[in-house]
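Below: the structure, in structure tokens.
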Amino acid sequence: MKTKNLISLLLGACVVSACTWKESAVDNVPATDNVEQMSDVAKMMSDLPLGKEHLDEVFLAVNGSSDNGYDEEYMFSDLFTAPGKGVGGSTKSAYRSPSGSCLRDLITEYVSSRRSTKAGSASEAEDYLNSLSSSDLQIYWPYSDNWDGEEFPIVTFDPGYGSETNYGYRIRMTDSGARVVDSVVVNEAVAQTHPVWVINRNDDCGFTPLDVFSRANGPAPQSASRKLMLKSFTMLRNYDSWFGGASEFFIKCGSVNGFSARTEAEMRNYQPSVTDFVVVVKRRYVGKAVPFDVMLISDFTSQMSKIAFIVVEDDGGTTTNWKCSAMVKINSKSYGFEMDIPYKEKDDIVWRGQIDASFFQEEDEVTGRFGDVLISFALE
């Protein structure tokens with residue numbers, strides 16, 4: 001994009017693990033299958049002697065991520081460096097276990113003990129732990145708000161290919177205190193009623209969600225100009241398999257902010273700008289209006305004719321551009337300002353096109369359907 005008024009910045013991609021282990025989490029046989037790596041880690045997690053304090057650690061982290069506008073996720077990079085820290089959180093709020101034992105301690109002991117009889121086991125164990133802590137793997141806990149604070153999780157992994165069902169390891173404690181692990185079938189309905197930890201890959205840690213941006217920058221400055229505000233966002237369907245988590249929507253609005261030229265010559269003083277931010281909508285909010293109060297255009301003038309508007313659901317890929325234009329009027333004649341709005345080639349394009357400025361003036365607050373989302377706007 002040419003000139004930018006960015007609300008959300010892409011802060012960079014997460015680091016991908018350099019190696020994976022095959023057959024079990026301690027064999028150190030290189031593998032290239034990402035699903036196989038996630039399966040290995042899920043099996044390892046189910047083998048750990050988890051206690052209530054470890055469940056609390058994960059719960060604290062996923063809720064911290066959620067409070068910061070991300071999905072209910074706990075990255076292994078944080079698990080090893082700052083136990084209990086959610087994505088976007090501070091290392092100062094790390095979890096302190098009552099027993100002194102954190103998940104990283106269980107994983108470290110598990111990996112080290114299973115390599116004690118092999119030559120070079122210490123270095124191999126260290127290599128694996130370093131690989132895991134620098135990877136983009138994470139624990140995703142959908143519907144974590146439904147947890148009763150006691151039940152142990154079912155551990156599974158993202159099988160890929162848009163699958164909605166997979167096997168998992170159900171951890172439970174018997175009345176006698178014995179630990180039992182059962183193999184069970186897991187789908188989204190199970191995750192809504194039982195704690196499920198999904199080992200998957202993080203795809204939103206490089207974004208700054210609207211929640212984090214708003215806290216960092218404070219409320220929009222007051223002015224006499226009319227501001228175009230996005231008031232609410234309703235996702236009418238989930239865009240990905242539940243194993244992959246929430247939907248990340250990029251909303252991009254192109255306009256000639258504050259346009260008030262009286263002649264064609266004065267048009268040279270204006271350039272189009274693009275407001276660009278990301279909204280993470282958790283699966284539980286499908287069909288529900290999520291309130292926002294974010295400014296799309298800071299100076300909405302009567303000479304604006306059309307704005308360019310695009311909503312995409314993030315799926316990654318190579319960056320490409322939508323060539324579009326914002327329209328303005330001078331003495332009843334329409335003029336276009338050309339611009340390029342970037343998105344990724346694998347993104348789901350929810351909606352893109354031009355919106356007449358008159359649409360926003362029909363009522364105090366207007367709602368439109370844009371593909372499979374509803375968005376409410378207001379001129380203030």
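Residues are referred to by chain and number: the chain letter is A, B, ... according to the order shown in the structure tokens, the number counts from 1 in that chain, and ligands are numbered separately from 1 in the order shown.
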
List every residue of stretch 103-335 of chain A that DSSP, applied to the backbone of this structure, places in strand (DSSP E), and write the result as a PyMOL selection string.
chain A and resi 137-140+154-157+166-173+179-186+196-201+228-235+247-255+273-281+289-297+304-313+319-330+333-335

Output C-alpha atoms for every residue in the selection just made, as a PDB file, in the first residue's frame.
ATOM      1  CA  LEU A 137       3.685 -25.017  18.282  1.00  0.00           C
ATOM      2  CA  GLN A 138       1.157 -24.196  20.964  1.00  0.00           C
ATOM      3  CA  ILE A 139      -1.597 -25.565  23.188  1.00  0.00           C
ATOM      4  CA  TYR A 140      -4.970 -24.352  21.923  1.00  0.00           C
ATOM      5  CA  ILE A 154      -8.263 -34.592  26.432  1.00  0.00           C
ATOM      6  CA  VAL A 155      -5.055 -33.972  24.472  1.00  0.00           C
ATOM      7  CA  THR A 156      -5.263 -34.078  20.678  1.00  0.00           C
ATOM      8  CA  PHE A 157      -3.728 -32.342  17.661  1.00  0.00           C
ATOM      9  CA  ASN A 166      -9.575 -36.808  15.417  1.00  0.00           C
ATOM     10  CA  TYR A 167      -8.448 -39.179  18.135  1.00  0.00           C
ATOM     11  CA  GLY A 168      -7.233 -37.876  21.450  1.00  0.00           C
ATOM     12  CA  TYR A 169      -5.867 -38.961  24.821  1.00  0.00           C
ATOM     13  CA  ARG A 170      -8.295 -38.517  27.682  1.00  0.00           C
ATOM     14  CA  ILE A 171      -6.543 -38.080  31.021  1.00  0.00           C
ATOM     15  CA  ARG A 172      -8.589 -38.931  34.095  1.00  0.00           C
ATOM     16  CA  MET A 173      -8.029 -39.745  37.733  1.00  0.00           C
ATOM     17  CA  ARG A 179      -3.969 -41.926  36.546  1.00  0.00           C
ATOM     18  CA  VAL A 180      -5.645 -43.410  33.461  1.00  0.00           C
ATOM     19  CA  VAL A 181      -5.298 -42.409  29.802  1.00  0.00           C
ATOM     20  CA  ASP A 182      -8.006 -43.497  27.367  1.00  0.00           C
ATOM     21  CA  SER A 183      -8.051 -43.140  23.591  1.00  0.00           C
ATOM     22  CA  VAL A 184     -11.212 -41.278  22.523  1.00  0.00           C
ATOM     23  CA  VAL A 185     -12.742 -39.627  19.477  1.00  0.00           C
ATOM     24  CA  VAL A 186     -12.732 -35.816  19.639  1.00  0.00           C
ATOM     25  CA  VAL A 196      -9.571 -30.294  25.169  1.00  0.00           C
ATOM     26  CA  TRP A 197      -5.995 -29.264  24.521  1.00  0.00           C
ATOM     27  CA  VAL A 198      -5.213 -29.148  20.806  1.00  0.00           C
ATOM     28  CA  ILE A 199      -1.578 -29.131  19.739  1.00  0.00           C
ATOM     29  CA  ASN A 200      -1.513 -26.897  16.676  1.00  0.00           C
ATOM     30  CA  ARG A 201       0.527 -24.125  15.111  1.00  0.00           C
ATOM     31  CA  LEU A 228     -16.644   6.910  10.447  1.00  0.00           C
ATOM     32  CA  MET A 229     -16.674   4.266  13.179  1.00  0.00           C
ATOM     33  CA  LEU A 230     -16.992   0.496  13.018  1.00  0.00           C
ATOM     34  CA  LYS A 231     -19.369  -0.361  15.877  1.00  0.00           C
ATOM     35  CA  SER A 232     -19.872  -4.126  15.746  1.00  0.00           C
ATOM     36  CA  PHE A 233     -18.844  -7.226  13.818  1.00  0.00           C
ATOM     37  CA  THR A 234     -20.863 -10.449  13.460  1.00  0.00           C
ATOM     38  CA  MET A 235     -19.340 -13.605  12.000  1.00  0.00           C
ATOM     39  CA  SER A 247     -11.039 -16.718  12.588  1.00  0.00           C
ATOM     40  CA  GLU A 248      -8.745 -13.730  12.031  1.00  0.00           C
ATOM     41  CA  PHE A 249     -10.398 -11.057   9.900  1.00  0.00           C
ATOM     42  CA  PHE A 250      -8.416  -8.245   8.315  1.00  0.00           C
ATOM     43  CA  ILE A 251     -10.586  -5.201   7.657  1.00  0.00           C
ATOM     44  CA  LYS A 252      -9.142  -2.650   5.233  1.00  0.00           C
ATOM     45  CA  CYS A 253     -10.748   0.656   4.329  1.00  0.00           C
ATOM     46  CA  GLY A 254      -9.345   2.881   1.582  1.00  0.00           C
ATOM     47  CA  SER A 255     -10.376   6.538   1.325  1.00  0.00           C
ATOM     48  CA  SER A 273      -4.867   6.211   2.821  1.00  0.00           C
ATOM     49  CA  VAL A 274      -5.720   2.744   4.080  1.00  0.00           C
ATOM     50  CA  THR A 275      -6.936   1.874   7.551  1.00  0.00           C
ATOM     51  CA  ASP A 276      -5.973  -1.731   8.266  1.00  0.00           C
ATOM     52  CA  PHE A 277      -6.617  -3.798  11.406  1.00  0.00           C
ATOM     53  CA  VAL A 278      -7.261  -7.364  12.467  1.00  0.00           C
ATOM     54  CA  VAL A 279     -10.156  -8.724  14.511  1.00  0.00           C
ATOM     55  CA  VAL A 280      -9.922 -12.193  16.106  1.00  0.00           C
ATOM     56  CA  VAL A 281     -13.381 -13.755  16.481  1.00  0.00           C
ATOM     57  CA  ALA A 289     -22.482  -9.292  17.410  1.00  0.00           C
ATOM     58  CA  VAL A 290     -19.079  -8.451  18.903  1.00  0.00           C
ATOM     59  CA  PRO A 291     -18.998  -4.747  19.880  1.00  0.00           C
ATOM     60  CA  PHE A 292     -16.136  -2.536  18.749  1.00  0.00           C
ATOM     61  CA  ASP A 293     -15.553   1.192  18.592  1.00  0.00           C
ATOM     62  CA  VAL A 294     -12.788   1.667  16.066  1.00  0.00           C
ATOM     63  CA  MET A 295     -12.275   4.611  13.733  1.00  0.00           C
ATOM     64  CA  LEU A 296     -12.130   3.845  10.009  1.00  0.00           C
ATOM     65  CA  ILE A 297     -11.983   7.431   8.694  1.00  0.00           C
ATOM     66  CA  MET A 304     -16.455  11.633  -0.378  1.00  0.00           C
ATOM     67  CA  SER A 305     -18.373   9.556  -2.884  1.00  0.00           C
ATOM     68  CA  LYS A 306     -17.177   5.954  -2.455  1.00  0.00           C
ATOM     69  CA  ILE A 307     -14.712   4.190  -0.183  1.00  0.00           C
ATOM     70  CA  ALA A 308     -12.858   0.977  -0.989  1.00  0.00           C
ATOM     71  CA  PHE A 309     -13.574  -1.789   1.505  1.00  0.00           C
ATOM     72  CA  ILE A 310     -12.275  -5.328   1.844  1.00  0.00           C
ATOM     73  CA  VAL A 311     -12.650  -8.018   4.522  1.00  0.00           C
ATOM     74  CA  VAL A 312     -10.447 -11.127   4.364  1.00  0.00           C
ATOM     75  CA  GLU A 313     -10.064 -14.084   6.680  1.00  0.00           C
ATOM     76  CA  THR A 319       1.254 -11.145  -0.606  1.00  0.00           C
ATOM     77  CA  THR A 320      -0.771  -9.858  -3.539  1.00  0.00           C
ATOM     78  CA  ASN A 321      -2.723  -6.652  -4.115  1.00  0.00           C
ATOM     79  CA  TRP A 322      -6.267  -5.580  -4.829  1.00  0.00           C
ATOM     80  CA  LYS A 323      -6.163  -2.671  -7.259  1.00  0.00           C
ATOM     81  CA  CYS A 324      -9.061  -0.405  -6.339  1.00  0.00           C
ATOM     82  CA  SER A 325     -10.105   3.225  -6.090  1.00  0.00           C
ATOM     83  CA  ALA A 326     -11.756   5.665  -3.719  1.00  0.00           C
ATOM     84  CA  MET A 327     -14.118   8.191  -5.318  1.00  0.00           C
ATOM     85  CA  VAL A 328     -14.562  11.890  -4.532  1.00  0.00           C
ATOM     86  CA  LYS A 329     -16.647  14.695  -6.012  1.00  0.00           C
ATOM     87  CA  ILE A 330     -15.732  18.217  -7.142  1.00  0.00           C
ATOM     88  CA  LYS A 333     -18.004  15.504 -11.033  1.00  0.00           C
ATOM     89  CA  SER A 334     -16.583  12.198  -9.767  1.00  0.00           C
ATOM     90  CA  TYR A 335     -12.850  11.492  -9.615  1.00  0.00           C
TER      91      TYR A 335
END

Where does DSSP see helix (DSSP H, G or I) in stretch 22-250 of chain A, if you list the residues as number ranges by chain?
A: 34-47, 52-67, 76-81, 91-93, 103-113, 121-133, 144-146, 188-193, 210-217, 242-244

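Our summary of the geometry notes that atom CA of A:Asn269 is positioned 22.8 Å from atom CA of A:Gln354.
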
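For the pair atom CA of A:Val111 and atom CA of A:Pro49, the separation is 12.9 Å.
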
Please provide as a count of residues only all residues within 9 Å of A:Thr108, with the sequence filter that same-chain residues fewer than 6 positions apart are discarded (counting only C-alpha atoms).
3

Tell me which protein, DNA and RNA residues are within 7 Å of A:Phe360, counting only C-alpha atoms, leaving out same-chain ones fewer than 6 positions away, and put them as JSON, numbers by chain.
{"A": [366, 377, 378, 379]}

Quick one: write out the picked residues with N, CA, C and O atoms as a tab-separated table (two decimals), in the first residue's frame?
chain	number	residue	atom	x	y	z
A	366	VAL	N	-25.82	2.14	10.89
A	366	VAL	CA	-26.28	1.31	9.78
A	366	VAL	C	-25.55	-0.03	9.81
A	366	VAL	O	-24.39	-0.11	10.25
A	377	PHE	N	-21.91	0.34	11.26
A	377	PHE	CA	-21.11	1.56	11.18
A	377	PHE	C	-21.90	2.72	11.77
A	377	PHE	O	-23.13	2.69	11.83
A	378	ALA	N	-21.18	3.79	12.13
A	378	ALA	CA	-21.83	5.01	12.58
A	378	ALA	C	-20.95	6.20	12.23
A	378	ALA	O	-19.71	6.11	12.30
A	379	LEU	N	-21.59	7.29	11.83
A	379	LEU	CA	-20.89	8.56	11.64
A	379	LEU	C	-21.05	9.37	12.92
A	379	LEU	O	-22.17	9.66	13.34

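Within the 12 Å cut-off around A:Thr318, using only C-alpha atoms and omitting residues fewer than 5 positions from it on the same chain, the listed residues are Pro342, Tyr343, Lys344, Glu345, Lys346 and Asp347 of chain A.
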
Give me a file of those residues, with all heavy atoms, as a compact mmCIF listing (two decimals), in the first residue's frame.
# COMPACT_ATOMS: atom_id res chain seq x y z
N PRO A 342 -3.08 -4.58 0.01
CA PRO A 342 -2.49 -5.92 0.03
C PRO A 342 -3.32 -6.93 0.82
O PRO A 342 -4.02 -6.57 1.78
CB PRO A 342 -1.14 -5.70 0.69
CG PRO A 342 -1.37 -4.54 1.60
CD PRO A 342 -2.37 -3.66 0.91
N TYR A 343 -3.23 -8.18 0.41
CA TYR A 343 -3.76 -9.30 1.16
C TYR A 343 -2.96 -10.53 0.74
O TYR A 343 -2.10 -10.45 -0.15
CB TYR A 343 -5.26 -9.49 0.92
CG TYR A 343 -5.65 -9.85 -0.50
CD1 TYR A 343 -5.85 -11.17 -0.89
CD2 TYR A 343 -5.81 -8.85 -1.47
CE1 TYR A 343 -6.19 -11.50 -2.20
CE2 TYR A 343 -6.15 -9.17 -2.78
CZ TYR A 343 -6.34 -10.49 -3.14
OH TYR A 343 -6.67 -10.82 -4.43
N LYS A 344 -3.20 -11.68 1.37
CA LYS A 344 -2.45 -12.89 1.06
C LYS A 344 -3.24 -13.77 0.09
O LYS A 344 -4.47 -13.85 0.16
CB LYS A 344 -2.14 -13.67 2.34
CG LYS A 344 -1.31 -12.88 3.35
CD LYS A 344 0.06 -12.55 2.80
CE LYS A 344 0.90 -11.77 3.80
NZ LYS A 344 1.16 -12.53 5.03
N GLU A 345 -2.53 -14.45 -0.81
CA GLU A 345 -3.18 -15.18 -1.89
C GLU A 345 -4.06 -16.33 -1.39
O GLU A 345 -5.01 -16.72 -2.07
CB GLU A 345 -2.14 -15.73 -2.86
CG GLU A 345 -1.17 -16.74 -2.23
CD GLU A 345 -0.21 -17.34 -3.25
OE1 GLU A 345 -0.36 -17.02 -4.44
OE2 GLU A 345 0.67 -18.12 -2.85
N LYS A 346 -3.79 -16.85 -0.20
CA LYS A 346 -4.60 -17.95 0.33
C LYS A 346 -5.75 -17.47 1.21
O LYS A 346 -6.56 -18.27 1.67
CB LYS A 346 -3.73 -18.93 1.12
CG LYS A 346 -2.71 -19.69 0.27
CD LYS A 346 -1.92 -20.68 1.10
CE LYS A 346 -0.90 -21.42 0.24
NZ LYS A 346 -0.10 -22.39 1.07
N ASP A 347 -5.81 -16.15 1.44
CA ASP A 347 -6.88 -15.62 2.29
C ASP A 347 -8.25 -15.87 1.67
O ASP A 347 -8.41 -15.85 0.44
CB ASP A 347 -6.70 -14.10 2.46
CG ASP A 347 -5.52 -13.74 3.33
OD1 ASP A 347 -4.97 -14.64 3.98
OD2 ASP A 347 -5.15 -12.55 3.35

One decimal place gives the atom CA of A:Gln303-atom CA of A:Ser260 separation as 6.5 Å
